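Content type PDB, C-alpha atoms, from the file run_39.pdb:
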```pdb
ATOM      1  CA  MET A1160      50.760 121.411  89.033
ATOM      2  CA  PRO A1161      47.903 120.625  91.463
ATOM      3  CA  THR A1162      44.369 121.666  90.520
ATOM      4  CA  ILE A1163      41.311 122.657  92.504
ATOM      5  CA  ARG A1164      40.039 119.091  92.011
ATOM      6  CA  ASP A1165      43.182 117.744  93.670
ATOM      7  CA  VAL A1166      42.566 120.036  96.647
ATOM      8  CA  ALA A1167      38.936 118.914  96.892
ATOM      9  CA  GLU A1168      39.904 115.245  96.774
ATOM     10  CA  LYS A1169      42.621 115.591  99.420
ATOM     11  CA  ALA A1170      40.350 117.639 101.716
ATOM     12  CA  GLY A1171      37.457 115.236 101.201
ATOM     13  CA  VAL A1172      35.076 117.961 100.020
ATOM     14  CA  SER A1173      33.472 119.040  96.738
ATOM     15  CA  VAL A1174      35.090 121.367  94.181
ATOM     16  CA  THR A1175      32.258 123.815  94.920
ATOM     17  CA  THR A1176      33.218 123.887  98.596
ATOM     18  CA  VAL A1177      36.873 124.629  97.743
ATOM     19  CA  SER A1178      35.715 127.422  95.425
ATOM     20  CA  ARG A1179      33.587 128.917  98.192
ATOM     21  CA  VAL A1180      36.530 128.858 100.580
ATOM     22  CA  LEU A1181      38.794 130.531  98.027
ATOM     23  CA  ASN A1182      36.273 133.258  97.243
ATOM     24  CA  ASN A1183      34.897 133.572 100.773
ATOM     25  CA  ARG A1184      31.327 133.052  99.595
ATOM     26  CA  GLY A1185      28.527 131.255 101.388
ATOM     27  CA  TYR A1186      28.622 129.546 104.762
ATOM     28  CA  ILE A1187      31.601 127.278 105.375
ATOM     29  CA  SER A1188      32.293 125.761 108.791
ATOM     30  CA  GLU A1189      35.648 126.562 110.358
ATOM     31  CA  HIS A1190      36.489 122.844 110.409
ATOM     32  CA  THR A1191      35.919 122.545 106.653
ATOM     33  CA  ARG A1192      37.817 125.750 105.956
ATOM     34  CA  LYS A1193      40.855 124.464 107.879
ATOM     35  CA  LYS A1194      40.764 121.157 105.959
ATOM     36  CA  VAL A1195      40.774 123.004 102.628
ATOM     37  CA  TYR A1196      43.632 125.308 103.645
ATOM     38  CA  GLN A1197      45.650 122.369 104.942
ATOM     39  CA  ALA A1198      45.153 120.480 101.668
ATOM     40  CA  MET A1199      46.217 123.582  99.699
ATOM     41  CA  GLU A1200      49.361 123.900 101.809
ATOM     42  CA  GLU A1201      50.300 120.240 101.500
ATOM     43  CA  LEU A1202      49.785 120.290  97.739
ATOM     44  CA  ASP A1203      51.377 123.752  97.357
ATOM     45  CA  TYR A1204      48.260 124.785  95.437
ATOM     46  CA  GLN A1205      48.274 128.334  94.021
ATOM     47  CA  PRO A1206      44.815 129.728  93.148
ATOM     48  CA  ASN A1207      44.305 131.222  89.700
ATOM     49  CA  GLU A1208      43.928 134.903  90.601
ATOM     50  CA  VAL A1209      42.630 135.860  87.146
ATOM     51  CA  ALA A1210      39.854 133.307  87.366
ATOM     52  CA  ARG A1211      39.042 134.355  90.922
ATOM     53  CA  SER A1212      38.829 138.011  89.961
ATOM     54  CA  LEU A1213      36.490 137.174  87.086
ATOM     55  CA  PHE A1214      34.289 135.206  89.456
ATOM     56  CA  ARG A1215      34.260 137.924  92.116
ATOM     57  CA  LYS A1216      34.203 140.766  89.572
ATOM     58  CA  LYS A1217      36.936 142.298  91.719
ATOM     59  CA  SER A1218      40.699 141.944  91.309
ATOM     60  CA  ASN A1219      41.844 143.681  94.513
ATOM     61  CA  ILE A1220      44.440 145.440  92.367
ATOM     62  CA  ILE A1221      44.664 149.199  91.903
ATOM     63  CA  GLY A1222      46.803 151.204  89.513
ATOM     64  CA  LEU A1223      49.044 154.099  90.525
ATOM     65  CA  ILE A1224      50.314 156.428  87.791
ATOM     66  CA  VAL A1225      53.163 158.769  88.769
ATOM     67  CA  PRO A1226      55.473 160.968  86.669
ATOM     68  CA  SER A1227      58.733 159.542  88.047
ATOM     69  CA  ILE A1228      59.257 157.187  90.934
ATOM     70  CA  ALA A1229      62.880 158.395  91.058
ATOM     71  CA  HIS A1230      61.705 161.810  92.278
ATOM     72  CA  PRO A1231      61.831 161.857  96.109
ATOM     73  CA  PHE A1232      58.255 163.130  96.452
ATOM     74  CA  PHE A1233      56.724 160.495  94.167
ATOM     75  CA  GLY A1234      58.946 157.787  95.596
ATOM     76  CA  GLU A1235      57.581 158.493  99.073
ATOM     77  CA  LEU A1236      54.035 158.821  97.705
ATOM     78  CA  THR A1237      54.325 155.414  96.049
ATOM     79  CA  SER A1238      55.613 153.848  99.259
ATOM     80  CA  TYR A1239      52.721 155.250 101.307
ATOM     81  CA  VAL A1240      50.049 154.316  98.740
ATOM     82  CA  GLU A1241      51.387 150.759  98.511
ATOM     83  CA  TYR A1242      51.401 150.460 102.303
ATOM     84  CA  TYR A1243      47.848 151.691 102.826
ATOM     85  CA  ALA A1244      46.548 149.689  99.854
ATOM     86  CA  TYR A1245      48.145 146.544 101.265
ATOM     87  CA  CYS A1246      46.528 147.233 104.641
ATOM     88  CA  ARG A1247      43.177 147.128 102.818
ATOM     89  CA  ASP A1248      44.020 143.925 100.949
ATOM     90  CA  TYR A1249      44.863 145.617  97.636
ATOM     91  CA  LYS A1250      47.966 145.167  95.505
ATOM     92  CA  VAL A1251      49.344 148.077  93.460
ATOM     93  CA  LEU A1252      50.461 148.197  89.832
ATOM     94  CA  ILE A1253      52.892 151.119  89.571
ATOM     95  CA  CYS A1254      53.116 152.988  86.282
ATOM     96  CA  ASN A1255      55.982 155.422  85.669
ATOM     97  CA  SER A1256      54.683 157.818  82.980
ATOM     98  CA  MET A1257      57.903 159.882  82.692
ATOM     99  CA  LEU A1258      55.707 162.810  81.638
ATOM    100  CA  ASP A1259      54.973 161.057  78.326
ATOM    101  CA  ALA A1260      51.280 161.322  77.398
ATOM    102  CA  ALA A1261      51.476 158.428  74.918
ATOM    103  CA  LYS A1262      53.146 156.198  77.502
ATOM    104  CA  GLU A1263      50.504 157.178  80.040
ATOM    105  CA  GLN A1264      47.712 156.202  77.648
ATOM    106  CA  GLU A1265      49.385 152.826  77.124
ATOM    107  CA  TYR A1266      49.503 152.334  80.881
ATOM    108  CA  ILE A1267      45.823 153.200  81.213
ATOM    109  CA  ALA A1268      45.003 150.583  78.562
ATOM    110  CA  MET A1269      47.203 148.045  80.362
ATOM    111  CA  LEU A1270      45.478 148.713  83.685
ATOM    112  CA  ARG A1271      42.085 148.185  82.070
ATOM    113  CA  ARG A1272      43.234 144.908  80.488
ATOM    114  CA  ASN A1273      44.400 143.737  83.893
ATOM    115  CA  GLN A1274      40.957 144.602  85.275
ATOM    116  CA  VAL A1275      42.173 146.817  88.101
ATOM    117  CA  ASP A1276      39.472 147.931  90.507
ATOM    118  CA  GLY A1277      40.485 151.594  90.300
ATOM    119  CA  ILE A1278      43.286 154.070  89.587
ATOM    120  CA  ILE A1279      45.098 156.731  91.607
ATOM    121  CA  MET A1280      46.434 159.307  89.155
ATOM    122  CA  ALA A1281      49.366 161.499  90.198
ATOM    123  CA  SER A1282      50.688 162.271  86.731
ATOM    124  CA  HIS A1283      51.587 165.683  85.332
ATOM    125  CA  THR A1284      50.767 165.374  81.631
ATOM    126  CA  LEU A1285      48.313 167.599  79.810
ATOM    127  CA  GLU A1286      46.237 164.631  78.669
ATOM    128  CA  VAL A1287      43.305 164.194  81.060
ATOM    129  CA  GLU A1288      40.517 163.183  78.662
ATOM    130  CA  GLU A1289      41.434 159.505  78.996
ATOM    131  CA  TYR A1290      40.595 159.643  82.698
ATOM    132  CA  LYS A1291      37.239 161.293  82.073
ATOM    133  CA  LYS A1292      36.282 158.476  79.696
ATOM    134  CA  LEU A1293      37.325 155.667  82.033
ATOM    135  CA  ASP A1294      34.566 153.427  83.306
ATOM    136  CA  LEU A1295      36.603 152.903  86.470
ATOM    137  CA  PRO A1296      36.849 154.561  89.886
ATOM    138  CA  VAL A1297      39.571 157.236  89.731
ATOM    139  CA  VAL A1298      41.095 159.453  92.410
ATOM    140  CA  THR A1299      43.594 162.129  91.430
ATOM    141  CA  PHE A1300      46.482 163.517  93.437
ATOM    142  CA  GLU A1301      47.079 167.300  93.293
ATOM    143  CA  ARG A1302      45.050 167.481  90.084
ATOM    144  CA  PHE A1303      41.501 168.681  89.416
ATOM    145  CA  ILE A1304      40.089 166.988  86.309
ATOM    146  CA  SER A1305      36.337 167.285  86.639
ATOM    147  CA  ASP A1306      33.669 167.823  89.257
ATOM    148  CA  LYS A1307      32.924 164.078  89.119
ATOM    149  CA  ILE A1308      36.434 162.832  89.909
ATOM    150  CA  PRO A1309      37.562 163.219  93.548
ATOM    151  CA  TYR A1310      41.027 164.588  94.244
ATOM    152  CA  VAL A1311      43.380 164.799  97.204
ATOM    153  CA  THR A1312      45.481 167.892  97.725
ATOM    154  CA  SER A1313      46.991 170.044 100.430
ATOM    155  CA  ASP A1314      46.537 173.775 100.967
ATOM    156  CA  ASN A1315      48.897 174.973  98.245
ATOM    157  CA  TYR A1316      47.971 178.633  98.555
ATOM    158  CA  GLN A1317      48.593 178.659 102.299
ATOM    159  CA  GLY A1318      51.880 176.832 101.759
ATOM    160  CA  GLY A1319      53.085 179.439  99.289
ATOM    161  CA  LYS A1320      51.935 182.223 101.569
ATOM    162  CA  MET A1321      53.814 180.851 104.579
ATOM    163  CA  ALA A1322      56.992 180.373 102.543
ATOM    164  CA  VAL A1323      57.079 183.926 101.188
ATOM    165  CA  GLU A1324      56.088 185.534 104.478
ATOM    166  CA  LEU A1325      58.945 183.742 106.220
ATOM    167  CA  LEU A1326      61.499 184.956 103.659
ATOM    168  CA  LEU A1327      60.293 188.531 104.035
ATOM    169  CA  GLU A1328      60.220 188.292 107.832
ATOM    170  CA  ARG A1329      63.850 187.153 107.713
ATOM    171  CA  GLY A1330      64.769 190.358 105.886
ATOM    172  CA  CYS A1331      64.839 189.296 102.222
ATOM    173  CA  LYS A1332      64.494 192.224  99.808
ATOM    174  CA  LYS A1333      64.454 190.473  96.452
ATOM    175  CA  ILE A1334      62.873 187.042  96.180
ATOM    176  CA  ALA A1335      62.427 184.487  93.416
ATOM    177  CA  HIS A1336      60.111 181.517  92.997
ATOM    178  CA  MET A1337      61.185 178.465  91.033
ATOM    179  CA  CYS A1338      58.157 176.415  89.981
ATOM    180  CA  GLY A1339      57.083 173.825  87.456
ATOM    181  CA  SER A1340      55.458 174.669  84.165
ATOM    182  CA  LEU A1341      52.532 176.988  84.829
ATOM    183  CA  HIS A1342      50.998 175.804  81.542
ATOM    184  CA  LEU A1343      50.019 172.612  83.324
ATOM    185  CA  ASP A1344      46.706 172.986  85.091
ATOM    186  CA  MET A1345      48.060 171.868  88.456
ATOM    187  CA  LEU A1346      46.724 172.748  91.894
ATOM    188  CA  ALA A1347      50.342 173.443  92.868
ATOM    189  CA  ASN A1348      50.108 176.608  90.723
ATOM    190  CA  GLN A1349      48.300 178.157  93.700
ATOM    191  CA  ARG A1350      51.694 178.348  95.419
ATOM    192  CA  HIS A1351      52.867 180.746  92.725
ATOM    193  CA  GLN A1352      49.735 182.840  93.036
ATOM    194  CA  ALA A1353      50.370 183.147  96.772
ATOM    195  CA  PHE A1354      53.981 184.114  96.038
ATOM    196  CA  LEU A1355      52.832 186.947  93.771
ATOM    197  CA  ASP A1356      50.053 188.108  96.094
ATOM    198  CA  VAL A1357      52.237 188.333  99.208
ATOM    199  CA  ALA A1358      55.160 189.937  97.368
ATOM    200  CA  ARG A1359      52.916 192.633  95.893
ATOM    201  CA  GLU A1360      51.148 193.211  99.197
ATOM    202  CA  ARG A1361      54.488 193.690 100.964
ATOM    203  CA  GLY A1362      56.064 195.682  98.131
ATOM    204  CA  ALA A1363      58.856 193.151  97.653
ATOM    205  CA  VAL A1364      60.797 192.813  94.410
ATOM    206  CA  CYS A1365      60.106 189.365  92.953
ATOM    207  CA  CYS A1366      60.659 187.223  89.885
ATOM    208  CA  THR A1367      59.657 183.765  88.659
ATOM    209  CA  VAL A1368      61.731 180.943  87.202
ATOM    210  CA  GLU A1369      59.502 178.487  85.395
ATOM    211  CA  THR A1370      60.777 175.069  84.353
ATOM    212  CA  ASP A1371      59.689 173.429  81.116
ATOM    213  CA  MET A1372      57.300 170.493  80.798
ATOM    214  CA  ASN A1373      59.929 167.972  81.921
ATOM    215  CA  ALA A1374      60.058 169.364  85.427
ATOM    216  CA  PHE A1375      62.186 166.696  87.107
ATOM    217  CA  GLU A1376      65.667 167.065  85.600
ATOM    218  CA  VAL A1377      68.277 168.147  88.142
ATOM    219  CA  ASP A1378      70.725 169.477  85.541
ATOM    220  CA  LYS A1379      68.027 171.827  84.223
ATOM    221  CA  TYR A1380      67.345 173.068  87.746
ATOM    222  CA  GLU A1381      71.040 173.756  88.160
ATOM    223  CA  ARG A1382      71.338 175.669  84.885
ATOM    224  CA  LEU A1383      68.258 177.784  85.576
ATOM    225  CA  LEU A1384      69.319 178.646  89.129
ATOM    226  CA  THR A1385      72.902 179.391  88.079
ATOM    227  CA  ASP A1386      71.677 181.765  85.380
ATOM    228  CA  LEU A1387      69.224 183.395  87.796
ATOM    229  CA  LEU A1388      71.720 184.059  90.592
ATOM    230  CA  THR A1389      74.445 185.122  88.150
ATOM    231  CA  GLU A1390      72.247 187.573  86.256
ATOM    232  CA  GLN A1391      70.528 188.848  89.420
ATOM    233  CA  PRO A1392      73.160 188.572  92.178
ATOM    234  CA  ASP A1393      71.079 190.713  94.547
ATOM    235  CA  ILE A1394      68.458 187.963  94.988
ATOM    236  CA  ASP A1395      68.561 187.058  98.661
ATOM    237  CA  GLY A1396      65.501 184.815  99.002
ATOM    238  CA  LEU A1397      64.444 181.689  97.104
ATOM    239  CA  PHE A1398      61.137 179.832  97.288
ATOM    240  CA  LEU A1399      61.533 176.449  95.583
ATOM    241  CA  ASN A1400      58.576 174.268  94.556
ATOM    242  CA  SER A1401      60.180 171.086  95.902
ATOM    243  CA  ASP A1402      62.857 170.013  98.322
ATOM    244  CA  LEU A1403      64.786 168.556  95.381
ATOM    245  CA  MET A1404      64.913 172.035  93.833
ATOM    246  CA  ALA A1405      66.028 173.412  97.194
ATOM    247  CA  LEU A1406      68.840 170.873  97.379
ATOM    248  CA  VAL A1407      70.031 171.929  93.917
ATOM    249  CA  ALA A1408      69.824 175.583  95.011
ATOM    250  CA  ILE A1409      72.151 174.825  97.943
ATOM    251  CA  THR A1410      74.660 173.287  95.524
ATOM    252  CA  VAL A1411      74.442 176.255  93.142
ATOM    253  CA  CYS A1412      74.900 178.779  95.960
ATOM    254  CA  ARG A1413      78.018 176.967  97.145
ATOM    255  CA  LYS A1414      79.493 177.028  93.645
ATOM    256  CA  LEU A1415      78.794 180.757  93.374
ATOM    257  CA  GLY A1416      80.278 181.469  96.801
ATOM    258  CA  LYS A1417      76.937 182.484  98.338
ATOM    259  CA  ARG A1418      76.430 181.573 101.984
ATOM    260  CA  ILE A1419      73.181 180.057 103.244
ATOM    261  CA  PRO A1420      71.377 181.596 105.071
ATOM    262  CA  GLU A1421      73.624 184.701 105.392
ATOM    263  CA  ASP A1422      73.570 185.696 101.678
ATOM    264  CA  VAL A1423      70.627 183.692 100.401
ATOM    265  CA  LYS A1424      67.744 182.237 102.382
ATOM    266  CA  LEU A1425      65.624 179.507 100.879
ATOM    267  CA  VAL A1426      62.422 177.573 101.509
ATOM    268  CA  GLY A1427      61.612 174.261  99.869
ATOM    269  CA  TYR A1428      58.367 172.337  99.621
ATOM    270  CA  ASP A1429      57.041 168.864 100.595
ATOM    271  CA  ASP A1430      59.354 167.938 103.504
ATOM    272  CA  VAL A1431      60.568 164.688 102.001
ATOM    273  CA  LEU A1432      63.188 162.777 103.975
ATOM    274  CA  LEU A1433      66.189 164.379 102.270
ATOM    275  CA  ALA A1434      65.147 167.848 103.503
ATOM    276  CA  SER A1435      66.291 166.995 107.018
ATOM    277  CA  LEU A1436      69.340 164.953 105.956
ATOM    278  CA  THR A1437      71.200 167.504 103.860
ATOM    279  CA  SER A1438      73.503 170.197 105.234
ATOM    280  CA  PRO A1439      72.238 172.784 105.829
ATOM    281  CA  GLN A1440      68.887 171.232 106.654
ATOM    282  CA  ILE A1441      66.144 172.663 104.468
ATOM    283  CA  THR A1442      63.386 174.924 105.740
ATOM    284  CA  THR A1443      60.300 173.666 103.938
ATOM    285  CA  ILE A1444      56.525 173.465 103.738
ATOM    286  CA  ARG A1445      55.409 170.048 104.892
ATOM    287  CA  GLN A1446      52.651 168.351 102.950
ATOM    288  CA  PRO A1447      51.037 165.592 105.050
ATOM    289  CA  LEU A1448      51.988 163.000 102.436
ATOM    290  CA  ASP A1449      51.281 160.065 104.742
ATOM    291  CA  LYS A1450      47.717 161.234 105.448
ATOM    292  CA  MET A1451      47.141 162.316 101.841
ATOM    293  CA  SER A1452      48.134 158.872 100.563
ATOM    294  CA  GLU A1453      45.945 157.107 103.104
ATOM    295  CA  LEU A1454      43.021 159.345 102.174
ATOM    296  CA  ALA A1455      43.510 158.660  98.449
ATOM    297  CA  VAL A1456      43.353 154.904  99.079
ATOM    298  CA  GLN A1457      40.289 155.310 101.324
ATOM    299  CA  LEU A1458      38.481 157.390  98.717
ATOM    300  CA  LEU A1459      39.275 154.920  95.961
ATOM    301  CA  GLU A1460      38.048 151.983  98.031
ATOM    302  CA  SER A1461      34.801 153.849  98.758
ATOM    303  CA  LEU A1462      34.299 154.444  95.023
ATOM    304  CA  ILE A1463      35.029 150.778  94.294
ATOM    305  CA  GLN A1464      32.316 149.842  96.786
ATOM    306  CA  GLY A1465      29.854 152.164  95.051
ATOM    307  CA  GLU A1466      29.806 154.824  97.754
ATOM    308  CA  SER A1467      29.671 158.595  97.230
ATOM    309  CA  VAL A1468      32.659 160.700  98.298
ATOM    310  CA  LYS A1469      33.577 164.380  98.360
ATOM    311  CA  VAL A1470      35.253 165.708  95.224
ATOM    312  CA  GLU A1471      37.574 168.157  97.003
ATOM    313  CA  ASN A1472      39.728 166.733  99.783
ATOM    314  CA  CYS A1473      42.233 169.322 101.013
ATOM    315  CA  LEU A1474      44.545 168.828 103.997
ATOM    316  CA  PRO A1475      46.517 171.543 105.876
ATOM    317  CA  VAL A1476      50.238 172.179 105.430
ATOM    318  CA  GLU A1477      52.872 173.085 108.014
ATOM    319  CA  LEU A1478      55.954 175.307 108.001
ATOM    320  CA  ILE A1479      59.065 173.406 109.115
ATOM    321  CA  GLU A1480      61.859 175.888 109.818
ATOM    322  CA  ARG A1481      65.413 174.595 109.696
ATOM    323  CA  GLU A1482      68.850 175.939 108.791
ATOM    324  CA  THR A1483      68.298 177.554 105.359
ATOM    325  CA  THR A1484      66.392 180.538 106.778
TER     326      THR A1484
END
```
Starting from the file, give its structure as structure tokens.
Amino acid sequence: MPTIRDVAEKAGVSVTTVSRVLNNRGYISEHTRKKVYQAMEELDYQPNEVARSLFRKKSNIIGLIVPSIAHPFFGELTSYVEYYAYCRDYKVLICNSMLDAAKEQEYIAMLRRNQVDGIIMASHTLEVEEYKKLDLPVVTFERFISDKIPYVTSDNYQGGKMAVELLLERGCKKIAHMCGSLHLDMLANQRHQAFLDVARERGAVCCTVETDMNAFEVDKYERLLTDLLTEQPDIDGLFLNSDLMALVAITVCRKLGKRIPEDVKLVGYDDVLLASLTSPQITTIRQPLDKMSELAVQLLESLIQGESVKVENCLPVELIERETT
């Protein structure tokens, strides 16, 4: 395996010059730089990234912690974060916490050992103290942890308000909201508050279906929605906290012989790709996931560079009306 000394000898320069080229430090003429790169290519020399990061005190690696990359929302989030990080010369270590606090703590320790430059946290566990103690730049996604840790979110209250108002405008008399565990201190809980506020203001009959801590299991969604629509067959409007929940609701309604949108109207949330691919296409609240991901990467890079950033970063949502209403 060729070494940095081999590169220096072949390029006819000193080891120090090769090191400067690799770490982009100090003045190096373009002619010399080309000679070093050519020697590296001919020798198939691969720089030691660990050593380089120690020298630069910067790894150009960031960590991303998500609950489940299999969930459509977090899968798309991961894709966007990786793209925008790559555009800024960062690589991403993806950690799938599976809503396990112990596993998440192990991932945090692993990220620190690998000397990541910062972490984007999009997890849903109750354990947040580890992030407060981190001596690393952290940006959270849809989660307020402290007034010192910046977060990216969208207007959850407005999203919930638009969803419920649409159901009522379409003539729904009895509406239900299926959401994640309200015991988690998530900014998404504002959607439920909007649901309650609008329903009470309009005098609509409403009820809530709350999932347990493991909020990403499709079979649990199906059981909860089946029980709900069987026990309360007069429900004619559903507000679901994700497009995945909405897709399950379509399946449940078909099994129960309920037509969409004639018997039951429904509104999802997020506007992931599957919302427009299913039949019927799902009316949903679009979070600007592309822009939110880009902003999270921008904020983290600013923190890495020692700059000050706003703690609250909230982007607007949009109602996308399709065939389920």
Which of A:Val1423, A:Val1407, A:Met1345, A:Val1311 sits closest to A:Leu1454 [using all atoms listed in the file]: A:Val1311
Counting all atoms listed in the file, the option among A:Thr1385, A:Gln1457, A:Gln1264, A:Ser1340 closest to A:Asp1248: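 Going through A:Thr1385, A:Gln1457, A:Gln1264, A:Ser1340 one by one, the smallest distance to A:Asp1248 is for A:Gln1457.
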Residues matched by the PyMOL selection byres ((chain A and resi 1469-1471) around 8), written as a PDB file with C-alpha atoms, keeping the file's coordinate frame:
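Everything below was put into selection-v5.pdb:
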```pdb
ATOM      1  CA  ASP A1306      33.669 167.823  89.257  1.00  0.00           C
ATOM      2  CA  LYS A1307      32.924 164.078  89.119  1.00  0.00           C
ATOM      3  CA  ILE A1308      36.434 162.832  89.909  1.00  0.00           C
ATOM      4  CA  PRO A1309      37.562 163.219  93.548  1.00  0.00           C
ATOM      5  CA  TYR A1310      41.027 164.588  94.244  1.00  0.00           C
ATOM      6  CA  VAL A1311      43.380 164.799  97.204  1.00  0.00           C
ATOM      7  CA  THR A1312      45.481 167.892  97.725  1.00  0.00           C
ATOM      8  CA  SER A1467      29.671 158.595  97.230  1.00  0.00           C
ATOM      9  CA  VAL A1468      32.659 160.700  98.298  1.00  0.00           C
ATOM     10  CA  ASN A1472      39.728 166.733  99.783  1.00  0.00           C
ATOM     11  CA  CYS A1473      42.233 169.322 101.013  1.00  0.00           C
TER      12      CYS A1473
END
```
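Atom pair atom CA of A:Asp1294 / atom CA of A:Ala1244 has a distance of 20.8 Å (rounded to one decimal).
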Residue with smallest distance to A:Leu1448 - pool A:Gly1330, A:Gly1362, A:Pro1475, A:Gly1185, counting all atoms listed in the file: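 Nearest candidate to A:Leu1448 out of A:Gly1330, A:Gly1362, A:Pro1475, A:Gly1185: A:Pro1475.
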Long-range neighbours of A:Thr1389 as an MDAnalysis selection string, 12 Å cut-off, all atoms listed in the file, 5 positions minimum in chain: chainID A and resid 1381:1384 1394 1411:1412 1414:1417
Proximity to A:Tyr1290 - best of A:Ala1363, A:Ile1409, A:Ile1267, A:Val1225, all atoms listed in the file: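 Looking at the shortest contact to A:Tyr1290, the residue is A:Ile1267.
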Residue nearest A:Tyr1239 - candidates A:Val1323, A:Ala1455, A:Met1280, A:Leu1436, atoms counted: all atoms listed in the file: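 Nearest candidate to A:Tyr1239 out of A:Val1323, A:Ala1455, A:Met1280, A:Leu1436: A:Ala1455.
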d(atom CA of A:Asn1219, atom CA of A:Asn1273) in Å: 10.9 Å
Residue with smallest distance to A:Ser1282 - pool A:Pro1392, A:Pro1439, A:Gly1427, A:Pro1226, counting only C-alpha atoms: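 Comparing A:Pro1392, A:Pro1439, A:Gly1427, A:Pro1226 against A:Ser1282, the winner is A:Pro1226.
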Residues selected by the PyMOL selection byres ((chain A and resi 1460-1466) around 8), written as a ChimeraX atom specification: /A:1276-1277,1296-1297,1456-1459,1467-1468
Pairwise distance for atom CA of A:Tyr1249 and atom CA of A:Ala1268, rounded to one decimal in Å: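 Value for the atom CA of A:Tyr1249-atom CA of A:Ala1268 distance: 19.7 Å.
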All residues 12 Å or closer to A:Gln1391, only C-alpha atoms, same chain fewer than 4 positions away omitted, as a VMD selection string: chain A and resid 1333 to 1335 1364 to 1366 1383 to 1387 1395 to 1396
May I have the residues within 10 Å of A:Lys1320 as a PDB file with C-alpha atoms, keeping the file's coordinate frame, using only C-alpha atoms and disregarding those fewer than 5 positions away in the same chain?
```pdb
ATOM      1  CA  ASN A1315      48.897 174.973  98.245  1.00  0.00           C
ATOM      2  CA  LEU A1325      58.945 183.742 106.220  1.00  0.00           C
ATOM      3  CA  GLN A1349      48.300 178.157  93.700  1.00  0.00           C
ATOM      4  CA  ARG A1350      51.694 178.348  95.419  1.00  0.00           C
ATOM      5  CA  HIS A1351      52.867 180.746  92.725  1.00  0.00           C
ATOM      6  CA  GLN A1352      49.735 182.840  93.036  1.00  0.00           C
ATOM      7  CA  ALA A1353      50.370 183.147  96.772  1.00  0.00           C
ATOM      8  CA  PHE A1354      53.981 184.114  96.038  1.00  0.00           C
ATOM      9  CA  LEU A1355      52.832 186.947  93.771  1.00  0.00           C
ATOM     10  CA  ASP A1356      50.053 188.108  96.094  1.00  0.00           C
ATOM     11  CA  VAL A1357      52.237 188.333  99.208  1.00  0.00           C
ATOM     12  CA  ALA A1358      55.160 189.937  97.368  1.00  0.00           C
TER      13      ALA A1358
END
```
Contact residues around A:Thr1442 with all atoms listed in the file at 12 Å, ignoring same-chain residues under 2 positions, as a PyMOL selection string: chain A and resi 1321-1323+1325-1326+1397-1399+1401-1402+1405-1406+1409+1419-1420+1424-1431+1433-1440+1444-1445+1477-1484
Expected selection from the PyMOL selection byres ((chain A and resi 1227) around 12), given as a PyMOL selection string: chain A and resi 1223-1226+1228-1237+1253-1259+1263+1281-1284+1373-1376
Residues within 12 Å of A:Thr1175, all atoms listed in the file, excluding chain neighbours under 3 positions, as a ChimeraX atom specification: /A:1163-1164,1166-1168,1171-1172,1178-1187,1195
Sel. within 9 Å of pt (44.9, 174.5, 90.4), counting all atoms listed in the file, output as a list in words: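 Here the neighbourhood of the point contains Glu1301, Arg1302, Phe1303, Asn1315, Leu1343, Asp1344, Met1345, Leu1346, Ala1347, Asn1348 and Gln1349 of chain A.
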